[in-house]
$ cat target-v3.cif   # mmCIF, C-alpha atoms
data_input
loop_
_atom_site.group_PDB
_atom_site.id
_atom_site.type_symbol
_atom_site.label_atom_id
_atom_site.label_comp_id
_atom_site.auth_asym_id
_atom_site.auth_seq_id
_atom_site.Cartn_x
_atom_site.Cartn_y
_atom_site.Cartn_z
ATOM 1 C CA LEU V 29 10.649 -10.892 4.438
ATOM 2 C CA HIS V 30 13.588 -11.884 6.601
ATOM 3 C CA SER V 31 13.983 -8.366 8.074
ATOM 4 C CA PHE V 32 10.491 -8.790 9.531
ATOM 5 C CA SER V 33 11.472 -12.060 11.217
ATOM 6 C CA GLU V 34 14.703 -10.485 12.476
ATOM 7 C CA GLY V 35 12.623 -7.684 14.016
ATOM 8 C CA VAL V 36 10.420 -10.239 15.748
ATOM 9 C CA GLY V 37 13.569 -11.949 17.026
ATOM 10 C CA ILE V 38 14.859 -8.676 18.479
ATOM 11 C CA GLY V 39 11.560 -7.775 20.124
ATOM 12 C CA VAL V 40 10.944 -11.204 21.613
ATOM 13 C CA SER V 41 14.525 -11.499 22.856
ATOM 14 C CA PHE V 42 14.084 -8.425 25.088
ATOM 15 C CA GLY V 43 11.178 -10.076 26.942
ATOM 16 C CA GLY V 44 11.428 -12.007 30.164
ATOM 17 C CA VAL V 45 13.673 -11.887 33.197
ATOM 18 C CA HIS V 46 16.967 -11.952 31.281
ATOM 19 C CA GLY V 47 15.669 -9.907 28.350
ATOM 20 C CA SER V 48 18.243 -7.179 28.679
ATOM 21 C CA GLN V 49 21.202 -9.532 28.199
ATOM 22 C CA LEU V 50 19.557 -11.716 25.541
ATOM 23 C CA GLY V 51 18.136 -8.712 23.694
ATOM 24 C CA THR V 52 21.532 -7.026 23.651
ATOM 25 C CA PHE V 53 23.185 -10.168 22.294
ATOM 26 C CA ILE V 54 20.555 -10.724 19.589
ATOM 27 C CA SER V 55 20.622 -7.049 18.597
ATOM 28 C CA ALA V 56 24.428 -7.056 18.366
ATOM 29 C CA SER V 57 24.373 -10.255 16.309
ATOM 30 C CA LEU V 58 21.845 -8.839 13.875
ATOM 31 C CA ALA V 59 23.651 -5.502 13.685
ATOM 32 C CA ALA V 60 26.819 -7.358 12.691
ATOM 33 C CA HIS V 61 24.789 -9.338 10.157
ATOM 34 C CA ASN V 62 23.209 -6.186 8.683
ATOM 35 C CA VAL V 63 26.539 -4.604 7.711
ATOM 36 C CA PRO V 64 27.487 -7.124 4.990
ATOM 37 C CA GLU V 65 23.833 -7.437 4.021
ATOM 38 C CA GLY V 66 23.590 -3.673 3.394
ATOM 39 C CA LEU V 67 26.919 -3.724 1.585
ATOM 40 C CA ALA V 68 25.665 -6.513 -0.690
ATOM 41 C CA ILE V 69 22.623 -4.431 -1.585
ATOM 42 C CA ALA V 70 24.705 -1.342 -2.320
ATOM 43 C CA VAL V 71 27.215 -3.324 -4.398
ATOM 44 C CA VAL V 72 24.397 -4.488 -6.668
ATOM 45 C CA LEU V 73 22.858 -1.009 -7.028
ATOM 46 C CA LEU V 74 26.012 1.043 -7.683
ATOM 47 C CA PRO V 75 27.015 -0.587 -11.004
ATOM 48 C CA ARG V 76 23.465 -0.007 -12.243
ATOM 49 C CA GLY V 77 23.974 3.749 -12.081
ATOM 50 C CA MET V 78 22.468 4.508 -8.693
ATOM 51 C CA SER V 79 24.203 7.242 -6.718
ATOM 52 C CA THR V 80 26.189 6.302 -3.625
ATOM 53 C CA LEU V 81 23.736 8.179 -1.411
ATOM 54 C CA ALA V 82 20.709 6.458 -2.937
ATOM 55 C CA ALA V 83 22.381 3.031 -2.655
ATOM 56 C CA ALA V 84 23.193 3.731 1.002
ATOM 57 C CA VAL V 85 19.597 4.790 1.674
ATOM 58 C CA TRP V 86 18.291 1.587 0.084
ATOM 59 C CA ALA V 87 20.803 -0.489 2.056
ATOM 60 C CA VAL V 88 19.549 1.037 5.307
ATOM 61 C CA ALA V 89 15.889 0.934 4.237
ATOM 62 C CA THR V 90 15.979 -2.841 3.812
ATOM 63 C CA SER V 91 16.473 -3.150 7.571
ATOM 64 C CA LEU V 92 13.638 -0.794 8.537
ATOM 65 C CA PRO V 93 11.176 -3.666 9.115
ATOM 66 C CA GLN V 94 13.316 -4.730 12.090
ATOM 67 C CA PRO V 95 12.362 -1.916 14.489
ATOM 68 C CA ILE V 96 8.846 -1.859 13.046
ATOM 69 C CA MET V 97 8.366 -5.507 14.058
ATOM 70 C CA ALA V 98 10.529 -5.431 17.203
ATOM 71 C CA ILE V 99 8.266 -3.033 19.053
ATOM 72 C CA PRO V 100 4.980 -4.966 18.689
ATOM 73 C CA ALA V 101 6.810 -8.260 19.307
ATOM 74 C CA TYR V 102 8.219 -6.883 22.565
ATOM 75 C CA TRP V 103 4.831 -5.472 23.631
ATOM 76 C CA PHE V 104 3.177 -8.795 22.872
ATOM 77 C CA VAL V 105 5.694 -10.765 24.907
ATOM 78 C CA HIS V 106 5.656 -8.194 27.715
ATOM 79 C CA HIS V 107 1.873 -8.516 28.075
ATOM 80 C CA PHE V 108 1.749 -12.257 27.502
ATOM 81 C CA ILE V 109 4.892 -13.397 29.346
ATOM 82 C CA PRO V 110 3.646 -17.020 29.605
ATOM 83 C CA VAL V 111 3.997 -17.336 25.824
ATOM 84 C CA LEU V 112 7.608 -16.092 25.845
ATOM 85 C CA PRO V 113 8.999 -19.581 25.128
ATOM 86 C CA VAL V 114 6.739 -19.818 22.075
ATOM 87 C CA GLY V 115 7.919 -16.402 20.866
ATOM 88 C CA LEU V 116 11.566 -17.281 21.406
ATOM 89 C CA GLY V 117 11.047 -20.570 19.578
ATOM 90 C CA PHE V 118 9.431 -18.783 16.639
ATOM 91 C CA ALA V 119 12.177 -16.155 16.526
ATOM 92 C CA GLY V 120 14.920 -18.799 16.723
ATOM 93 C CA GLY V 121 13.298 -20.863 14.016
ATOM 94 C CA ALA V 122 12.880 -17.840 11.756
ATOM 95 C CA MET V 123 16.515 -16.816 12.206
ATOM 96 C CA ALA V 124 17.712 -20.387 11.625
ATOM 97 C CA TRP V 125 15.640 -20.550 8.432
ATOM 98 C CA VAL V 126 17.191 -17.304 7.201
ATOM 99 C CA ALA V 127 20.703 -18.504 8.055
ATOM 100 C CA PHE V 128 20.412 -21.946 6.481
ATOM 101 C CA PHE V 129 18.074 -21.435 3.541
ATOM 102 C CA GLU V 130 19.019 -17.929 2.464
ATOM 103 C CA LEU V 131 22.470 -16.895 3.643
ATOM 104 C CA LEU V 132 24.446 -20.148 3.655
ATOM 105 C CA THR V 133 22.797 -21.427 0.478
ATOM 106 C CA GLU V 134 23.659 -18.241 -1.384
ATOM 107 C CA ALA V 135 27.201 -18.231 0.010
ATOM 108 C CA ILE V 136 27.741 -21.820 -1.188
ATOM 109 C CA GLU V 137 26.444 -20.866 -4.641
ATOM 110 C CA ASP V 138 28.878 -17.927 -4.798
ATOM 111 C CA THR V 139 31.912 -19.772 -3.409
ATOM 112 C CA ASP V 140 32.005 -23.428 -2.348
ATOM 113 C CA VAL V 141 31.053 -25.589 0.622
ATOM 114 C CA LEU V 142 34.541 -25.560 2.182
ATOM 115 C CA THR V 143 34.956 -21.766 2.091
ATOM 116 C CA THR V 144 31.421 -21.182 3.341
ATOM 117 C CA GLY V 145 31.873 -23.757 6.095
ATOM 118 C CA LEU V 146 35.174 -22.260 7.268
ATOM 119 C CA ILE V 147 33.835 -18.704 7.324
ATOM 120 C CA ALA V 148 30.578 -19.774 9.004
ATOM 121 C CA GLY V 149 32.552 -21.760 11.590
ATOM 122 C CA CYS V 150 34.844 -18.804 12.358
ATOM 123 C CA SER V 151 31.811 -16.560 12.659
ATOM 124 C CA LEU V 152 30.135 -19.028 15.029
ATOM 125 C CA VAL V 153 33.219 -19.224 17.249
ATOM 126 C CA SER V 154 33.506 -15.419 17.257
ATOM 127 C CA MET V 155 29.877 -15.036 18.325
ATOM 128 C CA LEU V 156 30.378 -17.620 21.073
ATOM 129 C CA PHE V 157 33.210 -15.454 22.431
ATOM 130 C CA VAL V 158 30.991 -12.352 22.234
ATOM 131 C CA GLN V 159 28.185 -14.167 24.056
ATOM 132 C CA SER V 160 30.618 -15.366 26.716
ATOM 133 C CA ALA V 161 31.916 -11.823 27.215
ATOM 134 C CA ILE V 162 28.355 -10.489 27.573
ATOM 135 C CA ASP V 163 27.529 -13.269 30.068
ATOM 136 C CA ASP V 164 30.692 -12.560 32.070
ATOM 137 C CA GLU V 165 29.905 -8.831 32.136
ATOM 138 C CA ALA V 166 26.332 -9.494 33.277
ATOM 139 C CA ARG V 167 27.560 -11.675 36.163
ATOM 140 C CA SER V 168 30.091 -9.118 37.453
#

$ encode --input "target-v3.cif" --output "structure tokens"
Amino acid sequence: LHSFSEGVGIGVSFGGVHGSQLGTFISASLAAHNVPEGLAIAVVLLPRGMSTLAAAVWAVATSLPQPIMAIPAYWFVHHFIPVLPVGLGFAGGAMAWVAFFELLTEAIEDTDVLTTGLIAGCSLVSMLFVQSAIDDEARS
């Protein structure tokens, strides 16, 4: 389910005047997010006797809804540019829901609030630096 909303977020983020910069940032953020997500899937499948190749295929396959949903989301926004703010709001809300109610909740269950908070905070600061670098590059 959340790969579909991530795909919508990617597609919608490429719409509008600054779509190239925002779309690149959102895509890079989700690509970074997909690496540990795919690893988590493979780590569960390998001990159950699945081959490394099959586990890798399943890890990649779980992200296939992203491009499937990104394309129609982009086309929709491209043709209905006045609703871009609505699309961005939906995409942001969907990604926030995934972050807070799936990822952080599970991380707290597996570790503790302090560890999850520290790692999430470091990740947030890192992404702020990445966004700043992309903004600086776009301005030069």

$ atom_distance --input "target-v3.cif" --atom1 "atom CA of V:Ala119" --atom2 "atom CA of V:Leu92"
17.4 Å

$ resolve_selection --input "target-v3.cif" --expression "the PyMOL selection byres ((chain V and resi 40) around 7)" --output "list in words"
Val36, Gly37, Ile38, Gly39, Ser41, Phe42, Gly43, Ala101, Tyr102, Val105, Gly115 and Leu116 of chain V

$ closest_atom_pairs --input "target-v3.cif" --of "stretch 50-111 of chain V" --to "stretch 156-162 of chain V" --cutoff "12 Å" --atoms "all atoms listed in the file" --output "tab-separated table"
residue	atom	partner	partner_atom	distance
V:Leu50	CA	V:Gln159	CA	9.1
V:Gly51	CA	V:Ile162	CA	11.1
V:Thr52	CA	V:Ile162	CA	8.6
V:Phe53	CA	V:Gln159	CA	6.6
V:Ile54	CA	V:Gln159	CA	9.5
V:Ser55	CA	V:Gln159	CA	11.7
V:Ala56	CA	V:Val158	CA	9.3
V:Ser57	CA	V:Val158	CA	9.1
V:Ala60	CA	V:Val158	CA	11.6

$ resolve_selection --input "target-v3.cif" --expression "the PyMOL selection byres ((chain V and resi 31) around 12)" --output "PyMOL selection string"
chain V and resi 29-30+32-38+58-59+61-62+65-66+88-98+119+122-123+126

$ axis_aligned_box --input "target-v3.cif" --around "stretch 152-165 of chain V" --padding-each-side "8 Å" --output "lines of an AutoDock Vina configuration file"
center_x = 30.5
center_y = -14.0
center_z = 23.6
size_x = 22.0
size_y = 26.4
size_z = 33.1

$ closest_residue --input "target-v3.cif" --among "V:Leu146, V:Ala83, V:Val111, V:Leu152" --to "V:Ala68" --atoms "all atoms listed in the file"
V:Ala83

$ atom_distance --input "target-v3.cif" --atom1 "atom CA of V:Ala127" --atom2 "atom CA of V:Met155"
14.2 Å

$ atom_distance --input "target-v3.cif" --atom1 "atom CA of V:Pro113" --atom2 "atom CA of V:Leu131"
25.5 Å

$ closest_residue --input "target-v3.cif" --among "V:Val114, V:Cys150, V:Ala84, V:Ile109" --to "V:Val72" --atoms "only C-alpha atoms"
V:Ala84

$ residues_around --input "target-v3.cif" --residues "V:Thr144" --least-positions-apart "3" --cutoff "10 Å" --atoms "all atoms listed in the file" --output "PyMOL selection string"
chain V and resi 131-141+147-150

$ write_last_selection --input "target-v3.cif" --atoms "C-alpha atoms" --output "PDB file, in the coordinates of the input"
ATOM      1  CA  LEU V 131      22.470 -16.895   3.643  1.00  0.00           C
ATOM      2  CA  LEU V 132      24.446 -20.148   3.655  1.00  0.00           C
ATOM      3  CA  THR V 133      22.797 -21.427   0.478  1.00  0.00           C
ATOM      4  CA  GLU V 134      23.659 -18.241  -1.384  1.00  0.00           C
ATOM      5  CA  ALA V 135      27.201 -18.231   0.010  1.00  0.00           C
ATOM      6  CA  ILE V 136      27.741 -21.820  -1.188  1.00  0.00           C
ATOM      7  CA  GLU V 137      26.444 -20.866  -4.641  1.00  0.00           C
ATOM      8  CA  ASP V 138      28.878 -17.927  -4.798  1.00  0.00           C
ATOM      9  CA  THR V 139      31.912 -19.772  -3.409  1.00  0.00           C
ATOM     10  CA  ASP V 140      32.005 -23.428  -2.348  1.00  0.00           C
ATOM     11  CA  VAL V 141      31.053 -25.589   0.622  1.00  0.00           C
ATOM     12  CA  ILE V 147      33.835 -18.704   7.324  1.00  0.00           C
ATOM     13  CA  ALA V 148      30.578 -19.774   9.004  1.00  0.00           C
ATOM     14  CA  GLY V 149      32.552 -21.760  11.590  1.00  0.00           C
ATOM     15  CA  CYS V 150      34.844 -18.804  12.358  1.00  0.00           C
TER      16      CYS V 150
END

$ decode --input "target-v3.cif" --residues "stretch 32-130 of chain V" --atoms "C-alpha atoms" --output "mmCIF file, in the first residue's frame"
data_model
loop_
_atom_site.group_PDB
_atom_site.id
_atom_site.type_symbol
_atom_site.label_atom_id
_atom_site.label_comp_id
_atom_site.auth_asym_id
_atom_site.auth_seq_id
_atom_site.Cartn_x
_atom_site.Cartn_y
_atom_site.Cartn_z
ATOM 1 C CA PHE V 32 1.545 3.218 -4.199
ATOM 2 C CA SER V 33 1.452 6.425 -2.147
ATOM 3 C CA GLU V 34 5.204 6.876 -2.615
ATOM 4 C CA GLY V 35 4.672 6.587 -6.379
ATOM 5 C CA VAL V 36 1.981 9.256 -6.228
ATOM 6 C CA GLY V 37 4.387 11.437 -4.247
ATOM 7 C CA ILE V 38 7.075 11.042 -6.913
ATOM 8 C CA GLY V 39 4.719 11.758 -9.801
ATOM 9 C CA VAL V 40 3.084 14.779 -8.201
ATOM 10 C CA SER V 41 6.425 16.218 -7.093
ATOM 11 C CA PHE V 42 7.602 16.478 -10.723
ATOM 12 C CA GLY V 43 4.646 18.732 -11.614
ATOM 13 C CA GLY V 44 4.674 22.497 -11.651
ATOM 14 C CA VAL V 45 7.273 25.155 -12.311
ATOM 15 C CA HIS V 46 9.903 23.770 -9.925
ATOM 16 C CA GLY V 47 9.020 20.126 -10.559
ATOM 17 C CA SER V 48 12.467 19.143 -11.714
ATOM 18 C CA GLN V 49 14.150 20.154 -8.448
ATOM 19 C CA LEU V 50 11.357 18.933 -6.157
ATOM 20 C CA GLY V 51 10.921 15.701 -8.111
ATOM 21 C CA THR V 52 14.643 14.999 -7.944
ATOM 22 C CA PHE V 53 14.687 15.595 -4.190
ATOM 23 C CA ILE V 54 11.628 13.420 -3.523
ATOM 24 C CA SER V 55 12.945 10.658 -5.789
ATOM 25 C CA ALA V 56 16.350 10.708 -4.072
ATOM 26 C CA SER V 57 14.706 10.630 -0.643
ATOM 27 C CA LEU V 58 12.550 7.660 -1.564
ATOM 28 C CA ALA V 59 15.448 5.867 -3.244
ATOM 29 C CA ALA V 60 17.426 6.195 -0.011
ATOM 30 C CA HIS V 61 14.385 4.948 1.903
ATOM 31 C CA ASN V 62 13.927 1.946 -0.416
ATOM 32 C CA VAL V 63 17.389 0.504 0.264
ATOM 33 C CA PRO V 64 16.804 -0.430 3.931
ATOM 34 C CA GLU V 65 13.208 -1.322 3.118
ATOM 35 C CA GLY V 66 14.343 -3.839 0.473
ATOM 36 C CA LEU V 67 17.027 -5.138 2.810
ATOM 37 C CA ALA V 68 14.420 -5.692 5.533
ATOM 38 C CA ILE V 69 12.320 -7.736 3.124
ATOM 39 C CA ALA V 70 15.279 -9.844 2.020
ATOM 40 C CA VAL V 71 16.426 -10.413 5.612
ATOM 41 C CA VAL V 72 13.035 -11.913 6.445
ATOM 42 C CA LEU V 73 12.930 -14.137 3.340
ATOM 43 C CA LEU V 74 16.471 -15.566 3.432
ATOM 44 C CA PRO V 75 16.178 -17.472 6.745
ATOM 45 C CA ARG V 76 12.977 -19.054 5.433
ATOM 46 C CA GLY V 77 14.923 -20.850 2.717
ATOM 47 C CA MET V 78 14.434 -18.463 -0.180
ATOM 48 C CA SER V 79 17.405 -18.104 -2.510
ATOM 49 C CA THR V 80 19.367 -14.857 -2.506
ATOM 50 C CA LEU V 81 18.254 -14.114 -6.062
ATOM 51 C CA ALA V 82 14.584 -14.703 -5.266
ATOM 52 C CA ALA V 83 14.815 -12.564 -2.105
ATOM 53 C CA ALA V 84 16.448 -9.771 -4.118
ATOM 54 C CA VAL V 85 13.718 -9.983 -6.766
ATOM 55 C CA TRP V 86 11.019 -9.742 -4.091
ATOM 56 C CA ALA V 87 12.825 -6.819 -2.445
ATOM 57 C CA VAL V 88 12.839 -4.935 -5.749
ATOM 58 C CA ALA V 89 9.302 -6.024 -6.673
ATOM 59 C CA THR V 90 7.845 -4.405 -3.560
ATOM 60 C CA SER V 91 8.815 -1.017 -4.992
ATOM 61 C CA LEU V 92 7.329 -1.608 -8.450
ATOM 62 C CA PRO V 93 4.083 0.228 -7.592
ATOM 63 C CA GLN V 94 6.117 3.449 -7.370
ATOM 64 C CA PRO V 95 6.756 3.956 -11.101
ATOM 65 C CA ILE V 96 3.347 2.475 -11.899
ATOM 66 C CA MET V 97 1.669 5.213 -9.838
ATOM 67 C CA ALA V 98 4.196 7.984 -10.556
ATOM 68 C CA ILE V 99 3.395 8.158 -14.246
ATOM 69 C CA PRO V 100 -0.394 8.650 -13.977
ATOM 70 C CA ALA V 101 0.090 11.016 -11.018
ATOM 71 C CA TYR V 102 2.458 13.153 -13.096
ATOM 72 C CA TRP V 103 0.120 13.105 -16.119
ATOM 73 C CA PHE V 104 -2.797 14.093 -13.913
ATOM 74 C CA VAL V 105 -0.935 17.014 -12.377
ATOM 75 C CA HIS V 106 0.509 18.052 -15.744
ATOM 76 C CA HIS V 107 -2.980 18.286 -17.266
ATOM 77 C CA PHE V 108 -4.643 19.748 -14.195
ATOM 78 C CA ILE V 109 -1.923 22.112 -12.929
ATOM 79 C CA PRO V 110 -4.414 24.149 -10.833
ATOM 80 C CA VAL V 111 -4.866 21.122 -8.561
ATOM 81 C CA LEU V 112 -1.110 20.719 -8.001
ATOM 82 C CA PRO V 113 -1.327 22.024 -4.413
ATOM 83 C CA VAL V 114 -3.989 19.410 -3.659
ATOM 84 C CA GLY V 115 -1.801 16.670 -5.153
ATOM 85 C CA LEU V 116 1.253 17.821 -3.225
ATOM 86 C CA GLY V 117 -0.807 17.956 -0.037
ATOM 87 C CA PHE V 118 -2.080 14.419 -0.606
ATOM 88 C CA ALA V 119 1.408 13.124 -1.391
ATOM 89 C CA GLY V 120 2.899 14.849 1.667
ATOM 90 C CA GLY V 121 0.166 13.525 3.902
ATOM 91 C CA ALA V 122 0.574 9.996 2.560
ATOM 92 C CA MET V 123 4.341 10.074 3.084
ATOM 93 C CA ALA V 124 3.939 11.525 6.585
ATOM 94 C CA TRP V 125 1.452 8.764 7.430
ATOM 95 C CA VAL V 126 3.907 6.119 6.232
ATOM 96 C CA ALA V 127 6.767 7.697 8.190
ATOM 97 C CA PHE V 128 4.898 8.141 11.464
ATOM 98 C CA PHE V 129 2.476 5.226 11.561
ATOM 99 C CA GLU V 130 4.509 2.537 9.834
#
